[in-house]
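Let me begin by presenting the structure, written as structure tokens, before commenting on it.
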Amino acid sequence: MDGDEKLKQSGSDFDNEQDDTETSTQKPLPKIPEASFSLFASSLVTQALISLGELANPFSKTKEHNLDQAKFTIDTLQIIKDKTCGNLTDDETKLLETALYDLRMRYIEKSK
């Protein structure tokens, strides 16, 4: 936290903090969404889709296949599902179950 007791976005322009006399030509940083279980799970699903080559890697802008990484992420989602059993809302449970089924089917297709 800085002197104003505000959280800073890691890896952002705040890390190279400037004085309060910034020019108006700088774009404001995008608002970071509120943390939630659904957002966390969705980020892992996105990571798995990138590893499966279904989505372009946001850094390289290319589609890459890494089935080992995809399997690891899918297994991680299963562990999260197992360890949170009985503690999730119906929507969160459905999100995990649907995502796991979809990712497994895509993984099997890519593994052929």
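Within each chain, counting starts at residue 1; across the structure tokens, chains are named A, B, ... in the order shown, with ligands numbered 1 upward in that order.
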
Please identify all polymer residues within 12 Å of A:Asn57, counting only C-alpha atoms, omitting same-chain residues fewer than 5 positions from it, and present them as an MDAnalysis selection string.
chainID A and resid 46:52 62:66

Hey, what's within 12 Å of A:Phe37 if we count only C-alpha atoms and toss same-chain stuff fewer than 5 positions away? As a VMD selection string, please?
chain A and resid 42 to 44 77 80 to 81 84 87 to 89 91 to 93 95 to 96

Saved selection, atoms kept: C-alpha atoms, as a CSV table (one decimal), in the first residue's frame:
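Wrote out28.csv, looks like this:
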```csv
chain,number,residue,atom,x,y,z
A,42,SER,CA,-13.2,-18.3,-15.2
A,43,SER,CA,-9.6,-17.2,-15.3
A,44,LEU,CA,-8.4,-20.8,-14.9
A,77,LEU,CA,-10.0,-27.1,-11.5
A,80,ILE,CA,-10.8,-26.9,-6.5
A,81,LYS,CA,-14.2,-28.5,-7.2
A,84,THR,CA,-15.0,-26.7,-2.2
A,87,ASN,CA,-19.3,-24.6,0.1
A,88,LEU,CA,-20.3,-23.2,-3.3
A,89,THR,CA,-23.5,-21.7,-4.6
A,91,ASP,CA,-24.3,-21.3,-9.9
A,92,GLU,CA,-20.6,-21.7,-8.8
A,93,THR,CA,-21.0,-25.5,-8.8
A,95,LEU,CA,-19.9,-23.3,-13.6
A,96,LEU,CA,-17.2,-25.7,-12.4
```

Quick check, in Å to one decimal: how far apart do atom CA of A:Ile108 and atom CA of A:Gln78 lie?
16.0 Å

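Across A:Asp90, A:Tyr107, A:Cys85, A:Phe59, the tightest approach to A:Phe72 is made by A:Tyr107 when counting only C-alpha atoms.
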